[in-house]
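Data first, discussion second: the structure below is written as structure tokens.
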Amino acid sequence: MKKWQSENANGMKRRKFIKNILFSLAALTTPAVLSAQEALKKLQTWIIGEDYNPFEHYWGMGIDINKCIGCGKCADACKKENDVPKAPFFFRTWVERYRIFKSGKTFVDSPNGAINGFRKPYYESEDKDKVIRSFFVPKICNHCDNPPCVQVCPVGATFKTPDGVVLVDGDYCIGCRYCIQACPYGARFLHPEKRTAEKCTFCYHRVVKGLVPACVEICPTQTRIFGEIKKKASPLMRFMRKHKIGVLKPSLNTEPKVYYANLDMEVR
Amino acid sequence: MKFKFNPDDLKSLVKKSFSSDNINKRRQSMKFFWKNLPEQIRRLSVVAVILFALPLVVRQLLIPTDFGKYGHYRASALDEIVSQEIHYAGRELCNECHDDVVEVKYNGYHKTLTCEVCHGPAFAHTEDDAIELEAPRKRSYCPTCHEYLPSRPSGFPQIISARHNSRKACIKCHDPHDPKPPETPRECKACHAEISYTKAVSKHVDIPCTRCHQTPEEHKIRPREVLPSKPHNREFCGSCHALDAESSEDIPRIDLFEHERRYNCWQCHYPHLPEAN
């Protein structure tokens with residue numbers, strides 16, 4: 001034991017040795033930490049468009065199912081705003097009609113994505129007496145916080161921006177369709193001419209200019225709410241405080257950022 | 001020429017080439033080392049170097065310089081996405097010239113609608129007056145929102161267009177910018193169509209809505225602010241259905257004190273269609 005406490009082991013006291021180690025460690029790491037911080041600061045200023053810094057925002061959407069009247073103006077506006085192919089199977093957003101029958105069966109339809117609304121009058125439908133519950137559900141890319149489509153892209157053509165929007169790099173996409181398969185919400189499609197994957201961009205070109213997405217702008221009953229998730233004074237946060245919120249397919253852990261109020265359990 | 005490979009040769013070679021201090025001498029010895037390597041090794045090493053370097057060069061050429069700057073993607077892709085043209089101008093821009101119409105609309109039921117809902121994308125029009133916008137005037141347009149559908153939220157004004165002044169254009173009676181009914185609705189059915197049609201097939205068909213819902217006149221003008229009343233106890237239904245009620249003998253009776261006392265009637269029976277369930 002005496003040997004261990006020797007005053008002069010290697011000519012240095014233990015306390016001094018530890019002190020030296022700490023000082024030298026600090027001296028070695030401080031410049032690295034400082035430069036890393038500097039680099040991070042540089043990274044967090046990224047100007048897109050005129051004066052939009054994606055690091056200062058985090059976007060989400062709220063949809064109140066009780067307010068939706070199924071007019072399909074959102075789907076129509078989306079196609080006009082984003083030049084989505086007119087054919088009836090390419091949609092960045094669309095409206096579904098859910099009808100739950102007395103037999104317990106659920107029937108979902110969306111004629112042409114509801115772009116022209118649901119035109120068949122009620123009194124002409126055969127099953128009008130058998131429906132116990134019915135409502136409209138607008139659907140859109142959920143801009144998942146944990147997006148499966150981004151994970152599967154082999155070339156890095158689809159990605160999540162710092163403000164939480166999932167985008168597709170049209171020039172970089174090789175059209176392999178993995179992401180279309182991976183999306184549990186069916187929000188993606190292959191552009192028939194460009195042969196690249198396409199999806200809702202939250203109208204990113206509008207958002208950077210301070211506008212809201214076209215579907216939110218056009219919704220006549222303000223069913224759709226667009227706003228910041230991480231700021232207290234935002235229309236979306238107010239929406240989330242006022243309503244009971246549900247998301248689509250929560251069991252998949254995709255953490256969607258499209259929040260539904262008054263969501264029925266039949267909605268998938 | 002036959003070549004015999006001897007590991008000792010190589011060892012001495014390496015030793016020789018690295019022991020020298022003189023650069024010139026070393027260069028010569030390197031040359032000597034290279035020349036004295038077996039030919040197949042020389043050729044193979046050239047192939048190996050190319051195989052190793054080529055992917056690096058190709059990678060350097062193919063991957064854009066801004067790839068991976070902020071994440072596993074091309075940073076400039078965002079600039080390309082952002083450069084997309086805008087079609088919908090947004091509600092503020094219309095106000096700059098058409099403030100008179102916007103003012104009318106702002107005080108009416110259509111205040112939550114932007115002009116572009118009916119008039120279509122207007123950004124081109126804000127840049128150039130010559131580009132005119134459409135104004136839907138046909139009778140087929142308004143039912144997109146206002147045709148009666150049971151899926152629509154109750155309280156949203158709906159009509160059955162086949163029975164609603166057929167062949168008359170909507171804008172003949174209703175100003176689309178301030179769409180008041182031409183007169184305040186006389187019947188509850190005008191707005192509460194779903195309930196009305198349900199009640200029409202039930203035993204309660206002859207009971208007017210106002211028997212159970214005291215409705216202030218104001219409700220027809222400000223439907224969401226001034227609400228009608230609702231019955232709030234069992235005794236209200238009992239006024240017809242209790243054993244001792246003074247009502248027609250055809251009406252089914254229950255003993256208010258025996259029959260499921262802890263519930264209110266409408267927790268099990270839907271008053272607008274009591275036959276259901």
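For the structure tokens, the naming scheme is as follows: chains receive sequential letters (A, B, ...) according to their order of presentation, residues are indexed from 1 within each chain, and ligands are indexed from 1 in presentation order.
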
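Using only C-alpha atoms, one finds that the residues of chain A close to chain B, at 6 Å or less, are A:Ile69, A:Cys71, A:Glu81, A:Gly117, A:Tyr122, A:Ser134, A:Phe135, A:Gly156, A:Asp169, A:His205, A:Ile218, A:Pro220.
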
Practice problem: Assign secondary structure with DSSP using the backbone only, and return the residues of stretch 116-206 of chain A in strand (DSSP E or B) as a ChimeraX atom specification. | Solution: /A:131-140,158-160,166-168,189-190,197-198

Quick one: write out the picked residues with C-alpha atoms as a PDB file, in the first residue's frame?
```
ATOM      1  CA  VAL A 131     -75.936   4.584 -43.747  1.00  0.00           C
ATOM      2  CA  ILE A 132     -75.485   5.258 -40.042  1.00  0.00           C
ATOM      3  CA  ARG A 133     -72.510   7.587 -40.202  1.00  0.00           C
ATOM      4  CA  SER A 134     -70.958   9.528 -43.025  1.00  0.00           C
ATOM      5  CA  PHE A 135     -68.330  12.231 -43.405  1.00  0.00           C
ATOM      6  CA  PHE A 136     -65.561  13.545 -45.638  1.00  0.00           C
ATOM      7  CA  VAL A 137     -61.841  13.146 -45.007  1.00  0.00           C
ATOM      8  CA  PRO A 138     -59.376  15.284 -46.938  1.00  0.00           C
ATOM      9  CA  LYS A 139     -56.139  13.387 -47.489  1.00  0.00           C
ATOM     10  CA  ILE A 140     -52.687  14.745 -48.194  1.00  0.00           C
ATOM     11  CA  THR A 158     -36.453  12.518 -51.467  1.00  0.00           C
ATOM     12  CA  PHE A 159     -35.627  14.207 -48.217  1.00  0.00           C
ATOM     13  CA  LYS A 160     -36.898  16.082 -45.192  1.00  0.00           C
ATOM     14  CA  VAL A 166     -40.768  16.131 -47.203  1.00  0.00           C
ATOM     15  CA  LEU A 167     -39.762  16.995 -50.768  1.00  0.00           C
ATOM     16  CA  VAL A 168     -38.729  15.222 -53.963  1.00  0.00           C
ATOM     17  CA  PHE A 189     -47.414   8.840 -57.610  1.00  0.00           C
ATOM     18  CA  LEU A 190     -45.162   8.538 -60.634  1.00  0.00           C
ATOM     19  CA  ALA A 197     -41.964  10.447 -58.102  1.00  0.00           C
ATOM     20  CA  GLU A 198     -44.192  13.370 -57.157  1.00  0.00           C
TER      21      GLU A 198
END
```

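With only C-alpha atoms taken into account, the protein and nucleic acid residues at most 8 Å from A:Cys203 (excluding it and anything under 4 positions from it in its own chain) are Asn82, Val207, Val212, Pro213 and Ala214 of chain A.
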
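Closest approach to A:Lys242 among A:Lys16, A:Gly62, A:Asp109, A:Gln44 is made by A:Gly62 (distances from only C-alpha atoms).
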
Quiz item: Closest to A:Glu217 among A:Asp264, A:Ser234, A:Cys74, A:Pro88, using only C-alpha atoms?
Solution: A:Cys74

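Considering the residues A:Ser24, A:Asn142, A:Ser35, A:Asn112 and counting only C-alpha atoms, A:Cys200 has its shortest atom-to-atom contact with A:Asn142.
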
Practice problem: Excluding A:Leu43 and residues on its chain fewer than 2 positions from it, collect all residues at most 12 Å away from it, counting only C-alpha atoms, and give them as a list in words. | Solution: Ala36, Gln37, Glu38, Ala39, Leu40, Lys41, Thr45, Trp46, Ile47, Asn53, Pro54, Phe55 and Pro162 of chain A; Gly68, Lys69, Tyr70, Gly71 and Ala75 of chain B

Please dump the current selection as a JSON list (two decimals), in the first residue's frame; keep N, CA and C atoms.
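The new file part.json reads:
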```
[["chain", "number", "residue", "atom", "x", "y", "z"],
["A", 36, "ALA", "N", -16.80, 23.74, -34.26],
["A", 36, "ALA", "CA", -18.01, 23.00, -34.59],
["A", 36, "ALA", "C", -19.24, 23.90, -34.42],
["A", 37, "GLN", "N", -19.21, 24.70, -33.33],
["A", 37, "GLN", "CA", -20.32, 25.62, -33.09],
["A", 37, "GLN", "C", -20.45, 26.63, -34.22],
["A", 38, "GLU", "N", -19.26, 27.12, -34.61],
["A", 38, "GLU", "CA", -19.22, 28.09, -35.72],
["A", 38, "GLU", "C", -19.82, 27.49, -36.98],
["A", 39, "ALA", "N", -19.41, 26.23, -37.23],
["A", 39, "ALA", "CA", -19.89, 25.55, -38.44],
["A", 39, "ALA", "C", -21.40, 25.35, -38.37],
["A", 40, "LEU", "N", -21.89, 25.00, -37.17],
["A", 40, "LEU", "CA", -23.32, 24.77, -36.99],
["A", 40, "LEU", "C", -24.10, 26.05, -37.23],
["A", 41, "LYS", "N", -23.52, 27.16, -36.72],
["A", 41, "LYS", "CA", -24.17, 28.46, -36.90],
["A", 41, "LYS", "C", -24.26, 28.79, -38.38],
["A", 45, "THR", "N", -27.91, 29.13, -41.05],
["A", 45, "THR", "CA", -28.39, 30.24, -41.86],
["A", 45, "THR", "C", -28.35, 29.78, -43.31],
["A", 46, "TRP", "N", -29.50, 29.50, -43.82],
["A", 46, "TRP", "CA", -29.62, 29.03, -45.19],
["A", 46, "TRP", "C", -30.79, 29.79, -45.77],
["A", 47, "ILE", "N", -30.51, 30.65, -46.73],
["A", 47, "ILE", "CA", -31.56, 31.49, -47.27],
["A", 47, "ILE", "C", -32.08, 30.88, -48.56],
["A", 53, "ASN", "N", -35.49, 31.37, -44.09],
["A", 53, "ASN", "CA", -34.53, 30.47, -43.46],
["A", 53, "ASN", "C", -35.26, 29.24, -42.94],
["A", 54, "PRO", "N", -35.04, 28.08, -43.56],
["A", 54, "PRO", "CA", -35.80, 26.89, -43.16],
["A", 54, "PRO", "C", -35.54, 26.45, -41.73],
["A", 55, "PHE", "N", -34.45, 26.91, -41.14],
["A", 55, "PHE", "CA", -34.16, 26.48, -39.77],
["A", 55, "PHE", "C", -35.03, 27.21, -38.75],
["A", 162, "PRO", "N", -35.10, 21.11, -43.27],
["A", 162, "PRO", "CA", -35.01, 21.50, -41.86],
["A", 162, "PRO", "C", -36.33, 21.99, -41.29],
["B", 68, "GLY", "N", -25.35, 16.79, -49.66],
["B", 68, "GLY", "CA", -24.89, 16.49, -48.31],
["B", 68, "GLY", "C", -24.48, 17.71, -47.51],
["B", 69, "LYS", "N", -24.75, 18.91, -48.04],
["B", 69, "LYS", "CA", -24.36, 20.11, -47.31],
["B", 69, "LYS", "C", -25.22, 20.27, -46.06],
["B", 70, "TYR", "N", -26.53, 20.01, -46.19],
["B", 70, "TYR", "CA", -27.43, 20.14, -45.04],
["B", 70, "TYR", "C", -28.04, 18.81, -44.65],
["B", 71, "GLY", "N", -27.86, 17.79, -45.48],
["B", 71, "GLY", "CA", -28.44, 16.49, -45.22],
["B", 71, "GLY", "C", -28.19, 15.62, -46.44],
["B", 75, "ALA", "N", -28.74, 20.41, -51.98],
["B", 75, "ALA", "CA", -29.28, 21.63, -51.39],
["B", 75, "ALA", "C", -29.96, 22.51, -52.45]]
```

Practice problem: Determine, counting only C-alpha atoms, which protein, DNA and RNA residues have an atom within 10 Å of an atom of B:Lys220; residues of the same chain fewer than 5 positions away are not included. Present the result as number ranges by chain. | Solution: B: 184-188, 191, 215, 226-228

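With distances taken over only C-alpha atoms, A:His191 is the one residue among A:Tyr178, A:Arg15, A:His191, A:Glu266 lying closest to A:Ala87.
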
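Residue nearest A:Pro235, chosen from A:Cys153, A:Ile18, A:Ala32, A:Met61 and counting only C-alpha atoms: A:Met61.
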
So which residues touch A:Trp94 within 10 Å, counting only C-alpha atoms, skipping near sequence neighbours fewer than 2 positions away, as a short mmCIF file (atom, residue, chain, number, x, y, z; two decimals) with C-alpha atoms, in the first residue's frame?
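Output file part05.cif is given in full below:
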```cif
data_model
loop_
_atom_site.label_atom_id
_atom_site.label_comp_id
_atom_site.auth_asym_id
_atom_site.auth_seq_id
_atom_site.Cartn_x
_atom_site.Cartn_y
_atom_site.Cartn_z
CA GLY A 70 -66.63 17.62 -49.54
CA GLY A 72 -63.23 19.15 -53.49
CA LYS A 73 -62.04 22.71 -54.12
CA CYS A 74 -58.75 21.82 -52.40
CA ALA A 75 -58.02 18.96 -54.78
CA ASP A 76 -58.89 21.19 -57.73
CA CYS A 78 -53.82 21.73 -55.86
CA PHE A 90 -52.76 11.57 -59.98
CA PHE A 91 -53.44 13.55 -56.83
CA ARG A 92 -51.32 15.41 -54.34
CA GLU A 96 -62.54 10.74 -49.46
CA SER A 110 -63.45 9.49 -54.01
CA PRO A 111 -64.71 9.98 -57.57
CA ASN A 112 -61.87 11.71 -59.46
CA GLY A 113 -60.37 12.72 -56.10
CA ALA A 114 -63.57 14.72 -55.47
CA ILE A 115 -62.28 17.44 -57.80
CA VAL A 137 -61.84 13.15 -45.01
CA PRO A 138 -59.38 15.28 -46.94
CA LYS A 139 -56.14 13.39 -47.49
CA ILE A 140 -52.69 14.74 -48.19
CA ALA A 187 -49.61 10.09 -51.10
CA CYS A 215 -55.55 23.93 -50.58
#
```

Quiz prompt | Residue list (alpha helix (DSSP H), DSSP) for stretch 94-226 of chain B, as a ChimeraX atom specification | solution = /B:94-95,99-106,115-119,123-127,143-146,170-173,193-200,209-212

Let me see the file: selected residues, C-alpha atoms, as an mmCIF file, in the first residue's frame.
```cif
data_model
loop_
_atom_site.group_PDB
_atom_site.id
_atom_site.type_symbol
_atom_site.label_atom_id
_atom_site.label_comp_id
_atom_site.auth_asym_id
_atom_site.auth_seq_id
_atom_site.Cartn_x
_atom_site.Cartn_y
_atom_site.Cartn_z
ATOM 1 C CA CYS B 94 -57.691 40.911 -54.283
ATOM 2 C CA ASN B 95 -58.425 43.514 -51.643
ATOM 3 C CA ASP B 99 -62.029 46.325 -51.826
ATOM 4 C CA ASP B 100 -65.724 47.176 -52.341
ATOM 5 C CA VAL B 101 -66.663 43.566 -53.159
ATOM 6 C CA VAL B 102 -64.325 42.179 -50.496
ATOM 7 C CA GLU B 103 -66.006 44.438 -47.939
ATOM 8 C CA VAL B 104 -69.458 43.114 -48.852
ATOM 9 C CA LYS B 105 -68.218 39.555 -48.773
ATOM 10 C CA TYR B 106 -66.437 40.060 -45.460
ATOM 11 C CA CYS B 115 -62.392 35.176 -54.145
ATOM 12 C CA GLU B 116 -60.384 32.478 -55.894
ATOM 13 C CA VAL B 117 -62.706 29.699 -54.699
ATOM 14 C CA CYS B 118 -65.232 30.673 -57.373
ATOM 15 C CA HIS B 119 -63.214 32.907 -59.697
ATOM 16 C CA PHE B 123 -52.143 35.476 -59.839
ATOM 17 C CA ALA B 124 -51.887 36.033 -63.605
ATOM 18 C CA HIS B 125 -54.773 38.510 -63.326
ATOM 19 C CA THR B 126 -52.976 40.508 -60.624
ATOM 20 C CA GLU B 127 -49.981 40.876 -62.951
ATOM 21 C CA PRO B 143 -74.584 22.667 -55.707
ATOM 22 C CA THR B 144 -70.924 21.571 -55.606
ATOM 23 C CA CYS B 145 -71.077 22.811 -52.031
ATOM 24 C CA HIS B 146 -74.780 23.280 -51.347
ATOM 25 C CA CYS B 170 -78.925 30.601 -58.169
ATOM 26 C CA ILE B 171 -77.658 34.171 -58.585
ATOM 27 C CA LYS B 172 -81.137 35.333 -59.619
ATOM 28 C CA CYS B 173 -82.213 35.214 -55.960
ATOM 29 C CA ALA B 193 -82.354 18.954 -43.977
ATOM 30 C CA GLU B 194 -80.891 15.741 -42.631
ATOM 31 C CA ILE B 195 -82.878 15.868 -39.401
ATOM 32 C CA SER B 196 -85.971 16.942 -41.268
ATOM 33 C CA TYR B 197 -85.867 13.991 -43.671
ATOM 34 C CA THR B 198 -85.214 11.588 -40.835
ATOM 35 C CA LYS B 199 -88.164 12.921 -38.883
ATOM 36 C CA ALA B 200 -90.360 12.757 -41.992
ATOM 37 C CA CYS B 209 -89.476 21.218 -34.285
ATOM 38 C CA THR B 210 -90.486 24.092 -32.031
ATOM 39 C CA ARG B 211 -92.407 21.760 -29.725
ATOM 40 C CA CYS B 212 -89.099 20.502 -28.313
#
```

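Across the structure, atom CA of A:Cys173 and atom CA of A:Gly60 are spaced 24.9 Å apart.
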
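The space between atom CA of B:His98 and atom CA of B:Pro179 spans 18.0 Å.
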
Quiz item: Within 10 Å of stretch 260-264 of chain B, counting only C-alpha atoms, which residues qualify if same-chain residues fewer than 6 places away don't, as a ChimeraX atom specification?
Solution: /B:232-235,237

Those same residues, written as a compact mmCIF listing (two decimals), in the first residue's frame with N, CA and C atoms?
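Output contents, as saved in part09.txt:
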```txt
# COMPACT_ATOMS: atom_id res chain seq x y z
N HIS B 232 -84.33 18.95 -21.42
CA HIS B 232 -83.23 18.53 -20.58
C HIS B 232 -83.63 17.56 -19.46
N ASN B 233 -84.86 17.04 -19.46
CA ASN B 233 -85.14 15.99 -18.47
C ASN B 233 -86.13 14.96 -19.00
N ARG B 234 -86.27 13.88 -18.22
CA ARG B 234 -87.15 12.78 -18.62
C ARG B 234 -88.61 13.22 -18.64
N GLU B 235 -88.91 14.15 -17.76
CA GLU B 235 -90.31 14.55 -17.63
C GLU B 235 -90.82 15.20 -18.91
N CYS B 237 -90.23 14.26 -22.08
CA CYS B 237 -90.79 13.19 -22.92
C CYS B 237 -92.00 12.58 -22.24
```

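Using only C-alpha atoms, the smallest distance between any of A:Cys141, A:Ile174, A:Val208, A:Cys219 and A:Pro154 comes from A:Ile174.
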